[in-house]
>>> print(open('model_4.txt').read())   # compact mmCIF, C-alpha atoms
# COMPACT_ATOMS: atom_id res chain seq x y z
CA MET A 23 -28.39 32.94 11.52
CA MET A 24 -27.15 36.19 13.02
CA GLU A 25 -30.44 37.91 12.26
CA LYS A 26 -32.35 35.23 14.14
CA LEU A 27 -29.88 35.42 17.03
CA LEU A 28 -30.43 39.16 17.27
CA GLU A 29 -34.22 38.69 17.20
CA ILE A 30 -34.13 36.40 20.25
CA LYS A 31 -31.49 38.40 22.12
CA ALA A 32 -33.74 39.34 25.06
CA PRO A 33 -35.35 35.94 25.76
CA LEU A 34 -32.04 34.18 25.13
CA SER A 35 -30.25 36.33 27.69
CA VAL A 36 -32.96 35.71 30.27
CA ALA A 37 -32.89 31.95 29.62
CA LEU A 38 -29.12 31.77 30.05
CA THR A 39 -29.28 33.40 33.47
CA SER A 40 -31.83 30.86 34.71
CA LEU A 41 -30.04 27.70 33.54
CA PRO A 42 -27.53 26.22 36.03
CA ARG A 43 -25.20 24.81 33.36
CA ALA A 44 -25.72 27.41 30.66
CA PRO A 45 -22.73 28.48 28.55
CA ASN A 46 -21.40 31.98 28.85
CA GLY A 47 -23.61 34.51 27.13
CA LEU A 48 -22.40 36.98 24.53
CA THR A 49 -20.85 40.19 25.79
CA ALA A 50 -22.10 43.63 24.89
CA ILE A 51 -19.21 44.06 22.44
CA GLU A 52 -20.02 40.74 20.75
CA TRP A 53 -23.67 41.74 20.36
CA GLN A 54 -22.51 45.00 18.82
CA LEU A 55 -20.30 43.08 16.38
CA ILE A 56 -23.31 41.07 15.28
CA GLU A 57 -25.28 44.28 14.78
CA ASP A 58 -22.43 45.58 12.60
CA CYS A 59 -22.11 42.41 10.52
CA ILE A 60 -25.76 41.97 9.55
CA PRO A 61 -26.23 45.18 7.47
CA LEU A 62 -22.86 44.57 5.76
CA LEU A 63 -23.63 40.96 4.81
CA LYS A 64 -27.32 41.44 3.97
CA PRO A 65 -26.65 42.99 0.50
CA PHE A 66 -24.60 39.94 -0.48
CA GLU A 67 -27.47 37.65 0.48
CA SER A 68 -29.91 39.77 -1.54
CA MET A 69 -27.62 39.76 -4.57
CA THR A 70 -27.16 35.97 -4.35
CA THR A 71 -30.93 35.49 -4.23
CA GLU A 72 -31.49 37.77 -7.23
CA LEU A 73 -28.85 36.02 -9.35
CA SER A 74 -30.12 32.55 -8.40
CA GLY A 75 -33.44 33.04 -10.19
CA GLN A 76 -34.46 30.26 -12.56
CA THR A 77 -37.58 31.73 -14.17
CA TYR A 78 -36.08 34.98 -15.48
CA PRO A 79 -32.80 35.93 -17.21
CA THR A 80 -30.17 37.01 -14.72
CA LEU A 81 -27.11 37.83 -16.82
CA SER A 82 -28.27 41.39 -17.55
CA MET A 83 -28.68 42.02 -13.80
CA VAL A 84 -25.03 41.52 -12.88
CA ILE A 85 -23.71 45.03 -13.55
CA PRO A 86 -26.55 47.00 -11.87
CA LEU A 87 -26.49 44.61 -8.89
CA VAL A 88 -22.73 45.04 -8.48
CA ARG A 89 -23.16 48.80 -8.61
CA GLY A 90 -25.95 48.57 -6.05
CA LEU A 91 -23.82 46.32 -3.85
CA GLN A 92 -20.92 48.76 -3.90
CA TYR A 93 -23.22 51.71 -3.16
CA THR A 94 -25.02 49.93 -0.30
CA ILE A 95 -21.82 48.82 1.42
CA GLY A 96 -20.43 52.33 1.11
CA LYS A 97 -23.42 53.79 2.97
CA ARG A 98 -23.06 51.45 5.95
CA THR A 99 -21.47 52.95 9.09
CA PRO A 100 -20.23 50.24 11.50
CA LYS A 101 -19.92 51.24 15.14
CA THR A 102 -16.98 48.97 15.98
CA ALA A 103 -13.41 48.83 14.70
CA THR A 104 -13.94 45.23 13.64
CA GLY A 105 -17.02 46.30 11.70
CA GLN A 106 -14.97 48.95 9.90
CA ILE A 107 -12.36 46.34 8.98
CA LEU A 108 -15.09 44.03 7.66
CA LYS A 109 -16.55 46.86 5.56
CA THR A 110 -13.14 47.63 4.04
CA THR A 111 -12.44 43.95 3.38
CA LEU A 112 -15.78 43.42 1.65
CA SER A 113 -15.38 46.58 -0.44
CA ASN A 114 -11.93 45.46 -1.56
CA ALA A 115 -13.28 42.02 -2.42
CA VAL A 116 -15.96 43.58 -4.63
CA SER A 117 -13.33 45.71 -6.38
CA ARG A 118 -10.95 42.79 -6.86
CA HIS A 119 -13.36 40.08 -7.98
CA LEU A 120 -16.20 42.01 -9.59
CA LYS A 121 -14.24 44.98 -10.97
CA LYS A 122 -16.86 47.46 -9.83
CA ASN A 123 -14.83 50.49 -10.93
CA ALA A 124 -14.99 49.49 -14.59
CA PHE A 125 -18.79 49.30 -14.46
CA GLY A 126 -19.06 52.99 -13.69
CA LEU A 127 -17.06 54.29 -16.68
CA THR A 128 -19.10 56.24 -19.22
CA GLU A 129 -16.91 55.14 -22.12
CA ASN A 130 -17.80 51.52 -21.40
CA ALA A 131 -21.44 52.28 -22.14
CA SER A 132 -20.37 53.88 -25.43
CA ASN A 133 -18.32 50.81 -26.27
CA VAL A 134 -21.31 48.57 -25.61
CA GLN A 135 -23.42 50.61 -28.03
CA LYS A 136 -20.69 50.29 -30.65
CA TRP A 137 -20.49 46.52 -30.18
CA ILE A 138 -24.27 46.24 -30.49
CA CYS A 139 -24.19 48.27 -33.70
CA ASP A 140 -21.46 45.99 -35.07
CA GLU A 141 -23.50 42.89 -34.28
CA LEU A 142 -26.66 44.39 -35.75
CA CYS A 143 -24.69 45.31 -38.85
CA ALA A 144 -23.51 41.71 -39.16
CA ILE A 145 -27.08 40.41 -38.80
CA THR A 146 -28.52 42.82 -41.39
CA SER A 147 -25.70 41.84 -43.76
CA GLU A 148 -26.57 38.13 -43.63
CA PRO A 149 -27.59 36.59 -46.99
CA ASP A 150 -31.11 35.79 -45.76
CA ASN A 151 -31.77 39.41 -44.87
CA LEU A 152 -30.30 40.64 -48.15
CA ASN A 153 -32.46 38.23 -50.11
CA THR A 154 -35.53 39.46 -48.25
CA THR A 155 -34.68 43.03 -49.22
CA THR A 156 -34.26 42.01 -52.88
CA VAL A 157 -37.59 40.20 -52.94
CA SER A 158 -39.31 43.19 -51.37
CA ALA A 159 -37.75 45.47 -53.95
CA ASN A 160 -38.97 43.23 -56.79
CA ILE A 161 -42.50 43.19 -55.38
CA ASN A 162 -42.50 46.96 -55.04
CA ALA A 163 -41.23 47.32 -58.59
CA HIS A 164 -44.02 45.09 -59.84
CA LYS A 165 -46.59 47.15 -57.98
CA GLN A 166 -45.15 50.32 -59.48
CA GLU A 167 -45.78 49.03 -62.99
CA GLN A 168 -49.46 48.53 -62.17
CA SER A 169 -49.88 51.76 -60.28
CA ASN A 170 -50.89 55.17 -61.54
CA SER A 171 -48.04 56.67 -63.59
CA LEU A 172 -48.38 59.92 -61.62
CA TRP A 173 -46.95 58.13 -58.56
CA GLN A 174 -44.43 55.97 -60.39
CA GLN A 175 -41.57 58.50 -60.27
CA PHE A 176 -42.19 59.25 -56.58
CA ASP A 177 -42.30 55.56 -55.63
CA SER A 178 -39.16 54.88 -57.60
CA LYS A 179 -37.20 57.58 -55.76
CA VAL A 180 -38.39 56.33 -52.38
CA LEU A 181 -37.28 52.82 -53.29
CA GLN A 182 -33.85 54.10 -54.33
CA VAL A 183 -33.40 55.87 -51.00
CA LYS A 184 -34.29 52.71 -49.09
CA THR A 185 -31.87 50.55 -51.04
CA THR A 186 -28.97 52.98 -50.50
CA ILE A 187 -29.09 52.67 -46.68
CA THR A 188 -26.09 50.66 -45.58
CA PRO A 189 -26.25 47.99 -42.84
CA SER A 190 -24.12 50.28 -40.66
CA VAL A 191 -26.53 53.19 -40.96
CA MET A 192 -29.52 50.90 -40.49
CA SER A 193 -27.98 49.47 -37.31
CA THR A 194 -27.38 52.94 -35.89
CA LEU A 195 -30.97 53.96 -36.64
CA MET A 196 -32.34 50.81 -35.01
CA LEU A 197 -30.29 51.32 -31.86
CA ARG A 198 -31.29 54.98 -31.64
CA GLN A 199 -34.96 54.10 -32.02
CA TYR A 200 -34.62 51.40 -29.35
CA LEU A 201 -32.97 53.81 -26.89
CA ASP A 202 -35.87 56.24 -27.32
CA ILE A 203 -38.37 53.65 -26.06
CA PRO A 204 -39.35 54.07 -22.37
CA HIS A 205 -37.37 51.83 -20.03
CA LEU A 206 -38.83 48.53 -18.94
CA GLU A 207 -39.87 48.43 -15.28
CA ARG A 208 -37.20 46.69 -13.20
CA THR A 209 -39.62 44.05 -11.94
CA LYS A 210 -40.77 43.08 -15.45
CA ASN A 211 -39.40 40.12 -17.39
CA PRO A 212 -37.20 41.28 -20.31
CA LEU A 213 -38.10 38.16 -22.29
CA GLU A 214 -41.73 39.27 -22.34
CA TYR A 215 -40.57 42.74 -23.39
CA TRP A 216 -38.75 41.32 -26.40
CA GLN A 217 -41.73 39.19 -27.36
CA GLN A 218 -43.69 42.42 -27.55
CA TYR A 219 -41.06 44.16 -29.71
CA LYS A 220 -40.09 41.07 -31.71
CA GLN A 221 -41.62 42.38 -34.92
CA THR A 222 -40.46 45.96 -34.37
CA PHE A 223 -36.78 45.06 -33.81
CA PRO A 224 -36.26 41.57 -35.32
CA GLU A 225 -32.48 41.92 -35.43
CA MET A 226 -32.24 43.13 -31.83
CA TYR A 227 -34.60 40.33 -30.84
CA LYS A 228 -31.97 37.88 -32.08
CA LEU A 229 -29.39 39.58 -29.86
CA SER A 230 -31.72 39.32 -26.86
CA LEU A 231 -31.93 35.55 -27.38
CA LYS A 232 -28.15 35.44 -27.50
CA TYR A 233 -27.37 37.48 -24.38
CA LEU A 234 -30.42 37.34 -22.08
CA SER A 235 -29.55 34.04 -20.46
CA ILE A 236 -29.55 32.37 -17.04
CA PRO A 237 -25.92 31.49 -16.18
CA ALA A 238 -25.38 28.22 -14.37
CA THR A 239 -24.57 28.56 -10.68
CA SER A 240 -23.33 26.22 -7.98
CA GLU A 241 -26.49 26.59 -5.88
CA ILE A 242 -28.22 23.31 -5.06
>>> encode(input="model_4.txt", output="structure tokens")
Amino acid sequence: MMEKLLEIKAPLSVALTSLPRAPNGLTAIEWQLIEDCIPLLKPFESMTTELSGQTYPTLSMVIPLVRGLQYTIGKRTPKTATGQILKTTLSNAVSRHLKKNAFGLTENASNVQKWICDELCAITSEPDNLNTTTVSANINAHKQEQSNSLWQQFDSKVLQVKTTITPSVMSTLMLRQYLDIPHLERTKNPLEYWQQYKQTFPEMYKLSLKYLSIPATSEI
């Protein structure tokens, strides 16, 4: 509304001067207040639009959007005292309701990696996954019996090494391999990304289905 009002400022002012019963026009200070408010409120509109998407997961966007919101508001320089008050009020609201300071802590990222490793460890320790490993081991053992005896000792040692890897170590290796993959472009859909890597990281794919969701909002 304020953006549109600012766009028609010139013709609106001219029209008001030509109408006999026109209401009082806005003063120069009031126009300046509008100019201060728009760049401060615009980031909130953009964030609301981003988080209201219905065709892509939005939960993973919350933290980077909050960080972007805090950074954008901080760069704004209102020209009026009222604009400065509005900037401070909005910044405090972000800190109070969205806890922006916690999002910037490096140790929080480390904690997230630890939680992911714990969940991956739990998934790889599930009976279905253990049974799959046992079946694979039996098949490999059967193949070893039919293979050339010159390779039998080598294949046996390789199989022993594989079976001694604990779920905890396996989870750490998976996470490290995942972090080495180039980042997905911001405009791409993460669900399509995980369809591509579904076979490469089956356990992490399960986590993506769990956490990459579209939270319900009050928008109509």
>>> closest_residue(input="model_4.txt", among="A:Lys220, A:Arg118, A:Arg208, A:Lys228", to="Pro86 in chain A", atoms="only C-alpha atoms")
A:Arg208
>>> residues_around(input="model_4.txt", residues="range 193-204 of chain A", least_positions_apart="3", cutoff="9 Å", atoms="all atoms listed in the file", output="short mmCIF file (atom, residue, chain, number, x, y, z; two decimals) with C-alpha atoms, keeping the file's coordinate frame")
data_model
loop_
_atom_site.label_atom_id
_atom_site.label_comp_id
_atom_site.auth_asym_id
_atom_site.auth_seq_id
_atom_site.Cartn_x
_atom_site.Cartn_y
_atom_site.Cartn_z
CA GLN A 135 -23.42 50.61 -28.03
CA LYS A 136 -20.69 50.29 -30.65
CA ILE A 138 -24.27 46.24 -30.49
CA CYS A 139 -24.19 48.27 -33.70
CA ASP A 140 -21.46 45.99 -35.07
CA GLU A 141 -23.50 42.89 -34.28
CA LEU A 142 -26.66 44.39 -35.75
CA CYS A 143 -24.69 45.31 -38.85
CA THR A 146 -28.52 42.82 -41.39
CA THR A 188 -26.09 50.66 -45.58
CA PRO A 189 -26.25 47.99 -42.84
CA SER A 190 -24.12 50.28 -40.66
CA PHE A 223 -36.78 45.06 -33.81
CA GLU A 225 -32.48 41.92 -35.43
CA MET A 226 -32.24 43.13 -31.83
#
>>> residues_around(input="model_4.txt", residues="range 92-105 of chain A", least_positions_apart="2", cutoff="9 Å", atoms="only C-alpha atoms", output="number ranges by chain")
A: 51, 54-59, 61-63, 65, 87-90, 107-110, 112-113, 116-117, 122
>>> write_last_selection(input="model_4.txt", atoms="C-alpha atoms", output="PDB file, in the frame of the given file")
ATOM      1  CA  ILE A  51     -19.210  44.060  22.440  1.00  0.00           C
ATOM      2  CA  GLN A  54     -22.510  45.000  18.820  1.00  0.00           C
ATOM      3  CA  LEU A  55     -20.300  43.080  16.380  1.00  0.00           C
ATOM      4  CA  ILE A  56     -23.310  41.070  15.280  1.00  0.00           C
ATOM      5  CA  GLU A  57     -25.280  44.280  14.780  1.00  0.00           C
ATOM      6  CA  ASP A  58     -22.430  45.580  12.600  1.00  0.00           C
ATOM      7  CA  CYS A  59     -22.110  42.410  10.520  1.00  0.00           C
ATOM      8  CA  PRO A  61     -26.230  45.180   7.470  1.00  0.00           C
ATOM      9  CA  LEU A  62     -22.860  44.570   5.760  1.00  0.00           C
ATOM     10  CA  LEU A  63     -23.630  40.960   4.810  1.00  0.00           C
ATOM     11  CA  PRO A  65     -26.650  42.990   0.500  1.00  0.00           C
ATOM     12  CA  LEU A  87     -26.490  44.610  -8.890  1.00  0.00           C
ATOM     13  CA  VAL A  88     -22.730  45.040  -8.480  1.00  0.00           C
ATOM     14  CA  ARG A  89     -23.160  48.800  -8.610  1.00  0.00           C
ATOM     15  CA  GLY A  90     -25.950  48.570  -6.050  1.00  0.00           C
ATOM     16  CA  ILE A 107     -12.360  46.340   8.980  1.00  0.00           C
ATOM     17  CA  LEU A 108     -15.090  44.030   7.660  1.00  0.00           C
ATOM     18  CA  LYS A 109     -16.550  46.860   5.560  1.00  0.00           C
ATOM     19  CA  THR A 110     -13.140  47.630   4.040  1.00  0.00           C
ATOM     20  CA  LEU A 112     -15.780  43.420   1.650  1.00  0.00           C
ATOM     21  CA  SER A 113     -15.380  46.580  -0.440  1.00  0.00           C
ATOM     22  CA  VAL A 116     -15.960  43.580  -4.630  1.00  0.00           C
ATOM     23  CA  SER A 117     -13.330  45.710  -6.380  1.00  0.00           C
ATOM     24  CA  LYS A 122     -16.860  47.460  -9.830  1.00  0.00           C
TER      25      LYS A 122
END
>>> axis_aligned_box(input="model_4.txt", around="range 86-92 of chain A", padding_each_side="3 Å", output="lines of an AutoDock Vina configuration file")
center_x = -23.7
center_y = 46.7
center_z = -7.9
size_x = 11.6
size_y = 10.2
size_z = 14.0
>>> residues_around(input="model_4.txt", residues="Leu27 in chain A", least_positions_apart="4", cutoff="10 Å", atoms="all atoms listed in the file", output="PyMOL selection string")
chain A and resi 23+31-32+34+53+56
>>> closest_residue(input="model_4.txt", among="A:Ala131, A:Leu38, A:Val84, A:Ile30", to="Leu234 in chain A", atoms="only C-alpha atoms")
A:Val84
>>> residues_around(input="model_4.txt", residues="Tyr78 in chain A", least_positions_apart="3", cutoff="10 Å", atoms="all atoms listed in the file", output="PyMOL selection string")
chain A and resi 72-75+81+210-214+234-236
